[in-house]
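**Student:** Could you have a look at this structure, given as structure tokens, before my questions?
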Amino acid sequence: MEEYIFLLQVGLAVGLLALGFVAGKIAENRHYRSIREREQRWLHVPAVTWKTLDEDRPVVYATLAIGAVVVSVDHFKRFLMFFRKIFGGEVHSYSSLIDRGRREALLRMKESCPSADLFLNCRLETSTISNGQGKSTGTVEVLAYGTAIKLSR
Amino acid sequence: MILTNIESVTGKQIIEHYGLVQGSTIRAKNVGRDIMASLKNIVGGELTGYTELLVEARQQAIDRMVAQAEECGANAVVNVRFSTSSVAQGAAEILCYGTAVKVR
Amino acid sequence: MRFVPKPLAGTADASRGTTSWQTFLRNVASAVIILGLGYLALGALAELLARTIPDRWEARMFAPPDAAVADTDRLARANEILAKLTSSGEPRDLPYRLVLVPDPQPNAFAFPGGAIGVTTGLLDSVESELGLAMVLGHELGHHQYRHTLTAIGRALVFTVARQLLFGGGEAPLVGASLGIAEAGHSRRQEREADELGLRLVYQTYGRTEGSLELYEDLLARDADDQLRWAAFLRSHPVTSSRLDSLRRLQAQLEAGKPVAD
């Protein structure tokens, strides 16, 4: 009897890992496709990190633009992280999470002001979301903000 | 590739800019460094293991940003900013971003 | 300065951090190998430490459990048998004593410090002297090889190692794989105890017929329950296989052949 319960537990753990891997991969690929397509669309509107405006045309408006996103890691990646922590080094499974979050946040910043011509003084902030007991949940919030400038024609 | 964290490259003029370029990396410590750090917590002082770890990570983030700038055809990245944050317990993300420009 | 939009092809994903499946498999293989070696090394270390504890320390550190019932009448026969078995000089110098555990299931336990627990169910179901001697001999086998101390030592060492390596969270499958590995170790210990028990019986009584009474009883009782495919999960070897090994050993002893240690 105990053998069945034990095997059930193991089977459940393996099943969740497999589900995390498959579903996570699908979600990630879909997100990256969307990111790449939108980055192409917004390529003509620059986001820069400096403050000076080197333009002769008068400014119509300048406003704060914010893009924020919260991304989470799937069960399989969290499992890989445990083993990575033994040996140290780059955590490849989490890199894609952060990369997606950041690029998505920047796109949302640009999309929040669709008529802007450029974004000045862009900054990026990352923070973890924990569940209040100091335990990591693998959830990260990325914030991108800058000043959207609209120039007259 | 010239990197600055002011808005220009001193003594040169920016002729073209290509927008934001960024690089990031996530590194986890290993068990050995972790144990040394716990011991160091008793005595205090610099955690050289961790310092090394984050220095390597920061260099990798910079290299990735520079790779993006090079693909744009830039020869400098100005107004570079860094950000470090803890992503999961025992892992830190280093982010490096700036604006890719061509100077003359 | 003017803005020149440049689409990034390769380096757009520079921070994405993909690994090829070859690297992934290599990482998995090296993790499994290193963790496996670590497990074996820690297990060996725990056993080494257990072996260095002198008999007197063990006797002093551990006292028999309080569930003991001082029913010396029922234990009288068992105590006689125990005295005969330990007089041969081979068992370690521990203060062996029997404690009675009220439980209808036939079972016997070895406690660190030299105590051997027997259930009321065991005394009721095993009738022959050699049958009871075999059970007591098996428990003496656990004491002889320090299985009790080793079990405690291993549990301690693995708990500390798990805390250090995976501390702060629980990696799935780690507990399960450790459980399976430890079950294998436990089965090996049970076989060693079986072997020593039978040899002690032979040394003390000069014969072994009827000593496998309890095993045969258990086999008859759980004949349907012997899930062979799940044998790797159990802490004890499957009863039929224990009986096979014991009968082989019995034949060797009776034929007078020297048994390899």
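Identifiers for the structure tokens are assigned positionally: chains receive A, B, ... in sequence, residues are indexed from 1 per chain, and ligands are indexed from 1 in the order shown.
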Identify, on the basis of only C-alpha atoms, every residue whose closest approach to stretch 32-47 of chain A does not exceed 8 Å; exclude the query and any residue fewer than 6 positions from it along the same chain; express the result as a VMD selection string.
**Tutor:** (chain A and resid 100 103 to 104 107 110 116 to 122) or (chain B and resid 18 to 20) or (chain C and resid 3 5 to 7)
**Student:** Write the residues of the selection above to a file with all heavy atoms, as a short mmCIF file (atom, residue, chain, number, x, y, z; two decimals), in the first residue's frame.
**Tutor:**
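Saved the output as again21.cif:
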```
data_model
loop_
_atom_site.label_atom_id
_atom_site.label_comp_id
_atom_site.auth_asym_id
_atom_site.auth_seq_id
_atom_site.Cartn_x
_atom_site.Cartn_y
_atom_site.Cartn_z
N ARG A 100 12.83 38.47 -21.17
CA ARG A 100 11.46 38.71 -21.63
C ARG A 100 10.81 39.84 -20.87
O ARG A 100 10.16 40.72 -21.43
CB ARG A 100 10.62 37.45 -21.37
CG ARG A 100 10.67 36.43 -22.44
CD ARG A 100 10.19 35.11 -21.90
NE ARG A 100 8.82 35.19 -21.42
CZ ARG A 100 8.26 34.27 -20.64
NH1 ARG A 100 8.95 33.26 -20.22
NH2 ARG A 100 7.01 34.39 -20.26
N ARG A 103 12.28 43.30 -21.93
CA ARG A 103 11.89 43.76 -23.26
C ARG A 103 10.40 44.06 -23.31
O ARG A 103 9.96 45.02 -23.95
CB ARG A 103 12.29 42.71 -24.29
CG ARG A 103 13.80 42.67 -24.49
CD ARG A 103 14.29 41.38 -25.06
NE ARG A 103 14.02 41.28 -26.49
CZ ARG A 103 14.42 40.27 -27.25
NH1 ARG A 103 15.09 39.28 -26.70
NH2 ARG A 103 14.15 40.23 -28.52
N GLU A 104 9.61 43.28 -22.61
CA GLU A 104 8.18 43.53 -22.55
C GLU A 104 7.90 44.85 -21.87
O GLU A 104 7.05 45.64 -22.32
CB GLU A 104 7.50 42.38 -21.80
CG GLU A 104 6.02 42.55 -21.58
CD GLU A 104 5.22 42.39 -22.85
OE1 GLU A 104 5.58 41.54 -23.67
OE2 GLU A 104 4.23 43.13 -23.01
N LEU A 107 8.64 47.70 -24.18
CA LEU A 107 7.61 47.82 -25.21
C LEU A 107 6.35 48.45 -24.65
O LEU A 107 5.70 49.28 -25.31
CB LEU A 107 7.29 46.44 -25.79
CG LEU A 107 8.36 45.90 -26.75
CD1 LEU A 107 8.12 44.43 -27.02
CD2 LEU A 107 8.35 46.69 -28.04
N LYS A 110 6.79 52.13 -24.43
CA LYS A 110 6.58 52.79 -25.72
C LYS A 110 5.11 52.78 -26.12
O LYS A 110 4.60 53.74 -26.68
CB LYS A 110 7.42 52.09 -26.80
CG LYS A 110 8.90 52.30 -26.65
CD LYS A 110 9.65 51.75 -27.84
CE LYS A 110 11.14 51.95 -27.69
NZ LYS A 110 11.90 51.38 -28.81
N ALA A 116 4.34 59.42 -29.24
CA ALA A 116 5.61 60.06 -28.90
C ALA A 116 6.62 59.87 -30.01
O ALA A 116 6.55 58.92 -30.79
CB ALA A 116 6.15 59.46 -27.60
N ASP A 117 7.60 60.81 -30.07
CA ASP A 117 8.66 60.70 -31.06
C ASP A 117 9.91 60.08 -30.49
O ASP A 117 10.69 59.46 -31.22
CB ASP A 117 9.00 62.09 -31.62
CG ASP A 117 7.88 62.63 -32.48
OD1 ASP A 117 7.36 61.85 -33.31
OD2 ASP A 117 7.52 63.80 -32.32
N LEU A 118 10.16 60.32 -29.20
CA LEU A 118 11.29 59.64 -28.56
C LEU A 118 11.08 59.62 -27.06
O LEU A 118 10.24 60.33 -26.51
CB LEU A 118 12.63 60.29 -28.92
CG LEU A 118 13.11 61.49 -28.12
CD1 LEU A 118 14.62 61.54 -28.14
CD2 LEU A 118 12.52 62.76 -28.69
N PHE A 119 11.85 58.78 -26.42
CA PHE A 119 11.76 58.61 -24.96
C PHE A 119 13.11 58.92 -24.37
O PHE A 119 14.12 58.31 -24.72
CB PHE A 119 11.37 57.17 -24.60
CG PHE A 119 9.97 56.83 -25.01
CD1 PHE A 119 9.69 56.42 -26.30
CD2 PHE A 119 8.93 56.92 -24.08
CE1 PHE A 119 8.39 56.12 -26.67
CE2 PHE A 119 7.63 56.61 -24.45
CZ PHE A 119 7.36 56.21 -25.75
N LEU A 120 13.12 59.95 -23.48
CA LEU A 120 14.38 60.36 -22.87
C LEU A 120 14.53 59.75 -21.50
O LEU A 120 13.54 59.46 -20.82
CB LEU A 120 14.41 61.90 -22.74
CG LEU A 120 14.58 62.72 -24.01
CD1 LEU A 120 14.58 64.19 -23.65
CD2 LEU A 120 15.86 62.36 -24.72
N ASN A 121 15.83 59.63 -21.10
CA ASN A 121 16.16 59.22 -19.73
C ASN A 121 15.43 57.96 -19.30
O ASN A 121 14.79 57.91 -18.26
CB ASN A 121 15.86 60.36 -18.76
CG ASN A 121 16.76 60.29 -17.54
OD1 ASN A 121 17.64 59.45 -17.45
ND2 ASN A 121 16.52 61.17 -16.59
N CYS A 122 15.55 56.93 -20.12
CA CYS A 122 14.89 55.67 -19.79
C CYS A 122 15.65 54.94 -18.69
O CYS A 122 16.87 54.86 -18.72
CB CYS A 122 14.81 54.77 -21.01
SG CYS A 122 13.78 55.46 -22.28
N TYR B 18 21.50 55.00 -31.98
CA TYR B 18 20.72 53.84 -32.38
C TYR B 18 19.75 53.37 -31.32
O TYR B 18 19.14 52.33 -31.46
CB TYR B 18 21.67 52.68 -32.75
CG TYR B 18 22.73 53.12 -33.71
CD1 TYR B 18 24.05 53.22 -33.29
CD2 TYR B 18 22.43 53.47 -35.02
CE1 TYR B 18 25.03 53.65 -34.16
CE2 TYR B 18 23.40 53.90 -35.90
CZ TYR B 18 24.71 54.00 -35.46
OH TYR B 18 25.68 54.43 -36.32
N GLY B 19 19.60 54.11 -30.24
CA GLY B 19 18.62 53.70 -29.24
C GLY B 19 19.23 52.86 -28.14
O GLY B 19 20.44 52.71 -28.01
N LEU B 20 18.36 52.30 -27.32
CA LEU B 20 18.75 51.59 -26.11
C LEU B 20 19.39 50.24 -26.45
O LEU B 20 18.88 49.50 -27.27
CB LEU B 20 17.48 51.35 -25.28
CG LEU B 20 17.65 51.09 -23.80
CD1 LEU B 20 18.00 52.37 -23.10
CD2 LEU B 20 16.37 50.54 -23.24
N PHE C 3 18.94 59.97 -35.51
CA PHE C 3 18.62 58.62 -35.06
C PHE C 3 18.54 57.71 -36.26
O PHE C 3 17.88 58.01 -37.25
CB PHE C 3 17.28 58.64 -34.31
CG PHE C 3 16.74 57.27 -34.03
CD1 PHE C 3 17.47 56.36 -33.27
CD2 PHE C 3 15.50 56.87 -34.52
CE1 PHE C 3 16.98 55.09 -33.01
CE2 PHE C 3 15.00 55.60 -34.25
CZ PHE C 3 15.73 54.71 -33.50
N PRO C 5 17.45 53.93 -36.94
CA PRO C 5 16.95 52.69 -36.36
C PRO C 5 17.68 51.48 -36.93
O PRO C 5 17.84 51.37 -38.13
CB PRO C 5 15.46 52.67 -36.75
CG PRO C 5 15.34 53.62 -37.88
CD PRO C 5 16.44 54.61 -37.79
N LYS C 6 18.16 50.58 -36.03
CA LYS C 6 18.87 49.40 -36.48
C LYS C 6 18.19 48.17 -35.91
O LYS C 6 18.16 47.98 -34.70
CB LYS C 6 20.32 49.42 -35.99
CG LYS C 6 21.20 50.50 -36.58
CD LYS C 6 21.80 50.04 -37.89
CE LYS C 6 22.48 51.21 -38.58
NZ LYS C 6 23.86 50.97 -38.92
N PRO C 7 17.63 47.33 -36.76
CA PRO C 7 17.04 46.09 -36.22
C PRO C 7 18.14 45.13 -35.78
O PRO C 7 19.10 44.90 -36.50
CB PRO C 7 16.27 45.52 -37.42
CG PRO C 7 16.92 46.12 -38.61
CD PRO C 7 17.50 47.43 -38.22
#
```
**Student:** With the cut-off set at 6 Å and counting only C-alpha atoms, tabulate each residue of chain B with an atom at most that distance from an atom of chain A, showing the nearest atom pair and its distance in Å to one decimal, ordered by chain and increasing number, as a tab-separated table.
**Tutor:**
```
residue	atom	partner	partner_atom	distance
B:Glu7	CA	A:Trp50	CA	5.5
B:Gly19	CA	A:Pro46	CA	5.0
B:Leu20	CA	A:Val48	CA	5.4
B:Ile26	CA	A:Glu90	CA	5.6
B:Arg27	CA	A:Glu90	CA	4.3
B:Ala28	CA	A:Gly88	CA	5.0
B:Lys29	CA	A:Gly88	CA	4.6
B:Asn30	CA	A:Gly88	CA	3.9
B:Val31	CA	A:Ile86	CA	5.1
B:Asn79	CA	A:Thr49	CA	5.9
B:Val87	CA	A:Thr128	CA	5.5
B:Ala88	CA	A:Ser136	CA	5.2
B:Gln89	CA	A:Ser136	CA	5.7
B:Gly98	CA	A:Thr49	CA	5.8
B:Thr99	CA	A:Val48	CA	5.4
```
**Student:** Please produce an output containing C-alpha atoms for each residue in the selection, written as a compact mmCIF listing (two decimals), in the first residue's frame.
**Tutor:**
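Output file selection-v2.txt is given in full below:
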```txt
# COMPACT_ATOMS: atom_id res chain seq x y z
CA GLU B 7 25.67 61.96 -21.81
CA GLY B 19 18.62 53.70 -29.24
CA LEU B 20 18.75 51.59 -26.11
CA ILE B 26 21.70 35.92 -13.75
CA ARG B 27 24.20 34.13 -11.60
CA ALA B 28 23.81 31.78 -8.69
CA LYS B 29 26.36 31.28 -5.99
CA ASN B 30 27.65 27.80 -5.33
CA VAL B 31 27.55 25.87 -2.09
CA ASN B 79 24.93 57.06 -20.32
CA VAL B 87 15.86 37.32 -8.49
CA ALA B 88 15.57 34.16 -6.48
CA GLN B 89 17.10 33.07 -3.24
CA GLY B 98 22.88 52.47 -22.24
CA THR B 99 22.44 54.24 -25.57
```
**Student:** Per residue of chain B within 7 Å of chain C, what are the shortest atom pair and its distance in Å to one decimal, counting only C-alpha atoms, with rows by chain and residue number, as JSON lines?
**Tutor:**
```
{"residue": "B:Ile14", "atom": "CA", "partner": "C:Met1", "partner_atom": "CA", "distance": 5.9}
{"residue": "B:Ile15", "atom": "CA", "partner": "C:Met1", "partner_atom": "CA", "distance": 4.5}
{"residue": "B:Glu16", "atom": "CA", "partner": "C:Arg2", "partner_atom": "CA", "distance": 4.9}
{"residue": "B:His17", "atom": "CA", "partner": "C:Phe3", "partner_atom": "CA", "distance": 5.0}
{"residue": "B:Tyr18", "atom": "CA", "partner": "C:Val4", "partner_atom": "CA", "distance": 5.4}
{"residue": "B:Gly23", "atom": "CA", "partner": "C:Ser15", "partner_atom": "CA", "distance": 5.8}
{"residue": "B:Ser24", "atom": "CA", "partner": "C:Ser15", "partner_atom": "CA", "distance": 5.5}
{"residue": "B:Thr25", "atom": "CA", "partner": "C:Ser15", "partner_atom": "CA", "distance": 6.4}
{"residue": "B:Val31", "atom": "CA", "partner": "C:Leu165", "partner_atom": "CA", "distance": 6.4}
{"residue": "B:Arg64", "atom": "CA", "partner": "C:Ala14", "partner_atom": "CA", "distance": 5.9}
{"residue": "B:Ala67", "atom": "CA", "partner": "C:Thr11", "partner_atom": "CA", "distance": 6.4}
{"residue": "B:Gln68", "atom": "CA", "partner": "C:Thr11", "partner_atom": "CA", "distance": 5.2}
{"residue": "B:Glu71", "atom": "CA", "partner": "C:Leu8", "partner_atom": "CA", "distance": 6.7}
{"residue": "B:Cys72", "atom": "CA", "partner": "C:Lys6", "partner_atom": "CA", "distance": 5.7}
```
**Student:** Hey, what's within 9 Å of C:Gln189 if we count only C-alpha atoms and toss same-chain stuff fewer than 2 positions away? As a list in words, please?
**Tutor:**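 Neighbouring residues, sequence-local ones excluded: His142, Tyr145, His147, Gly184, His185, Ser186, Arg187, Arg191, Glu192, Ala193, Asp194 and His236 of chain C.
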**Student:** Between C:Leu140, C:Leu49, C:Ala161, C:Leu100, which residue has the minimum interatomic distance to chain A, considering only C-alpha atoms?
**Tutor:**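 The shortest atom-to-atom distance to chain A comes from C:Ala161.
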**Student:** As JSON, numbers by chain, which residues of chain A does DSSP assign to strand (DSSP E)?
**Tutor:** {"A": [59, 60, 61, 62, 63, 64, 65, 66, 67, 68, 69, 70, 71, 72, 89, 90, 118, 119, 120, 121, 122, 123, 124, 125, 126, 127, 128, 129, 130, 136, 137, 138, 139, 140, 141, 142, 143, 144, 145, 146, 147, 148, 149, 150, 151]}
**Student:** Report as a list in words all protein, DNA and RNA residues lying within 10 Å of stretch 45-55 of chain B, evaluated on only C-alpha atoms, omitting residues in the same chain fewer than 3 positions from it.
**Tutor:**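 With the cut-off at 10 Å, the set is Gly88 and Gly89 of chain A; Ile26, Arg27, Ala28, Lys29, Asn30, Gly32, Arg33, Asp34, Met36, Ala37, Ser38, Leu39, Lys40, Asn41, Ile42, Arg58, Gln59, Gln60, Ala61, Thr84, Ala92, Glu93 and Ile94 of chain B.
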**Student:** Atom CA of C:Ile81 to atom CA of C:Val99: how many Å, to one decimal?
**Tutor:**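 Computing the Euclidean distance for atom CA of C:Ile81 and atom CA of C:Val99 yields 14.0 Å.
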**Student:** Within 7 Å of B:Met65, counting only C-alpha atoms, which residues show up once you throw out same-chain ones fewer than 6 positions away? Write them as a list in words, please.
**Tutor:** Val21, Gln22, Gly23, Cys96 and Tyr97 of chain B
**Student:** When distances are computed from only C-alpha atoms, which of A:Leu64, A:Val69, A:Val22, A:Leu97 shows the smallest separation from chain C?
**Tutor:**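 Using only C-alpha atoms, the shortest distance to chain C belongs to A:Leu97.
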**Student:** If you run DSSP on the backbone, which residues of stretch 89-126 of chain A are helix (DSSP H, G or I), as a ChimeraX atom specification?
**Tutor:** /A:92-112
**Student:** Show me, as a ChimeraX atom specification, the residues that have an atom within 12 Å of C:Thr86 when counting only C-alpha atoms, minus same-chain residues fewer than 2 positions from it.
**Tutor:** /C:79-84,88-97,114,133,136-137,139-141,143-144,197,200-201,203-204
**Student:** Those same residues, written as a PDB file, in the first residue's frame with C-alpha atoms?
**Tutor:**
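Dumped everything to selection_39.pdb:
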```
ATOM      1  CA  ASN C  79      15.857 -14.604  27.979  1.00  0.00           C
ATOM      2  CA  GLU C  80      17.239 -18.149  28.285  1.00  0.00           C
ATOM      3  CA  ILE C  81      17.650 -18.362  24.537  1.00  0.00           C
ATOM      4  CA  LEU C  82      19.289 -14.928  24.438  1.00  0.00           C
ATOM      5  CA  ALA C  83      21.757 -16.007  27.116  1.00  0.00           C
ATOM      6  CA  LYS C  84      22.663 -19.108  25.108  1.00  0.00           C
ATOM      7  CA  SER C  88      29.270 -18.044  22.263  1.00  0.00           C
ATOM      8  CA  GLY C  89      31.530 -15.016  22.528  1.00  0.00           C
ATOM      9  CA  GLU C  90      31.007 -13.697  19.031  1.00  0.00           C
ATOM     10  CA  PRO C  91      28.488 -10.922  19.813  1.00  0.00           C
ATOM     11  CA  ARG C  92      29.809  -7.557  20.948  1.00  0.00           C
ATOM     12  CA  ASP C  93      30.015  -6.747  24.623  1.00  0.00           C
ATOM     13  CA  LEU C  94      26.747  -4.840  25.009  1.00  0.00           C
ATOM     14  CA  PRO C  95      24.283  -5.168  27.895  1.00  0.00           C
ATOM     15  CA  TYR C  96      21.748  -7.204  25.933  1.00  0.00           C
ATOM     16  CA  ARG C  97      18.294  -7.277  27.460  1.00  0.00           C
ATOM     17  CA  GLY C 114      21.795  -3.457  23.349  1.00  0.00           C
ATOM     18  CA  ALA C 133      16.462 -18.126  18.496  1.00  0.00           C
ATOM     19  CA  LEU C 136      16.788 -13.017  18.400  1.00  0.00           C
ATOM     20  CA  GLY C 137      19.862 -13.912  16.393  1.00  0.00           C
ATOM     21  CA  GLU C 139      18.358  -8.730  16.029  1.00  0.00           C
ATOM     22  CA  LEU C 140      21.758  -9.553  17.499  1.00  0.00           C
ATOM     23  CA  GLY C 141      23.007  -9.341  13.923  1.00  0.00           C
ATOM     24  CA  HIS C 143      23.656  -4.974  16.930  1.00  0.00           C
ATOM     25  CA  GLN C 144      26.741  -6.799  15.731  1.00  0.00           C
ATOM     26  CA  GLY C 197      21.316 -14.794  12.924  1.00  0.00           C
ATOM     27  CA  LEU C 200      24.636 -17.811  15.571  1.00  0.00           C
ATOM     28  CA  VAL C 201      21.840 -20.384  15.788  1.00  0.00           C
ATOM     29  CA  GLN C 203      26.981 -22.169  16.440  1.00  0.00           C
ATOM     30  CA  THR C 204      24.828 -22.326  19.560  1.00  0.00           C
TER      31      THR C 204
END
```
**Student:** Please measure the separation of atom CA of C:Ile152 and atom CA of A:Glu3, giving the value in Å to one decimal.
**Tutor:**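 It comes out at 23.3 Å.
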**Student:** Contacts of C:Ser245 at 12 Å or less, counting only C-alpha atoms, minus same-chain residues fewer than 5 places along, as a compact mmCIF listing (two decimals) with N, CA, C and O atoms, in the first residue's frame?
**Tutor:**
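What ended up in result-v8.txt:
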```txt
# COMPACT_ATOMS: atom_id res chain seq x y z
N GLU C 190 19.30 -5.83 6.30
CA GLU C 190 18.45 -6.93 6.73
C GLU C 190 19.03 -8.27 6.33
O GLU C 190 19.00 -9.23 7.10
N ARG C 191 19.60 -8.33 5.14
CA ARG C 191 20.20 -9.60 4.69
C ARG C 191 21.40 -9.96 5.55
O ARG C 191 21.60 -11.13 5.90
N GLU C 192 22.21 -8.97 5.90
CA GLU C 192 23.38 -9.25 6.75
C GLU C 192 22.93 -9.79 8.10
O GLU C 192 23.53 -10.73 8.64
N ASP C 194 20.13 -11.31 8.77
CA ASP C 194 19.61 -12.67 8.57
C ASP C 194 20.74 -13.69 8.62
O ASP C 194 20.67 -14.71 9.31
N GLU C 195 21.80 -13.37 7.89
CA GLU C 195 22.92 -14.32 7.77
C GLU C 195 23.58 -14.55 9.12
O GLU C 195 23.85 -15.68 9.52
N LEU C 198 21.37 -16.74 11.48
CA LEU C 198 21.40 -18.18 11.20
C LEU C 198 22.72 -18.79 11.67
O LEU C 198 22.78 -19.89 12.24
N LEU C 212 13.51 -21.33 10.65
CA LEU C 212 12.90 -20.37 9.72
C LEU C 212 11.40 -20.28 9.89
O LEU C 212 10.68 -19.86 9.00
N TYR C 215 9.69 -16.81 9.29
CA TYR C 215 9.73 -16.39 7.89
C TYR C 215 8.69 -17.14 7.08
O TYR C 215 8.00 -16.56 6.25
N PRO C 237 13.88 -6.91 2.33
CA PRO C 237 13.77 -7.68 1.09
C PRO C 237 12.48 -8.50 1.11
O PRO C 237 11.94 -8.80 2.17
N VAL C 238 12.03 -8.87 -0.06
CA VAL C 238 10.82 -9.67 -0.18
C VAL C 238 11.02 -11.00 0.56
O VAL C 238 12.07 -11.63 0.45
N THR C 239 10.02 -11.41 1.35
CA THR C 239 10.19 -12.56 2.24
C THR C 239 10.64 -13.82 1.50
O THR C 239 11.48 -14.57 1.99
N SER C 240 10.08 -14.06 0.32
CA SER C 240 10.46 -15.29 -0.39
C SER C 240 11.94 -15.28 -0.73
O SER C 240 12.63 -16.30 -0.65
N GLN C 250 21.59 -22.35 5.07
CA GLN C 250 21.31 -23.50 5.92
C GLN C 250 21.98 -24.76 5.36
O GLN C 250 22.64 -25.51 6.06
N ALA C 251 21.79 -24.95 4.05
CA ALA C 251 22.37 -26.13 3.39
C ALA C 251 23.89 -26.11 3.54
O ALA C 251 24.52 -27.13 3.85
N GLN C 252 24.49 -24.94 3.35
CA GLN C 252 25.94 -24.84 3.47
C GLN C 252 26.42 -25.17 4.88
O GLN C 252 27.41 -25.88 5.07
```
**Student:** Which value, in Å to one decimal, gives the distance between atom CA of A:Ala13 and atom CA of C:Pro172?
**Tutor:**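 For atom CA of A:Ala13 relative to atom CA of C:Pro172, the distance reads 6.3 Å.
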**Student:** Would you mind telling me which residue in C:Val174, C:Leu219, C:Leu246, C:Leu48 lies nearest to chain A when using only C-alpha atoms?
**Tutor:** C:Val174
**Student:** Rank nothing, just name the residue among C:Leu196, C:Ala78, C:Leu132, C:Ala183 nearest to C:Glu213, using only C-alpha atoms.
**Tutor:** C:Leu132
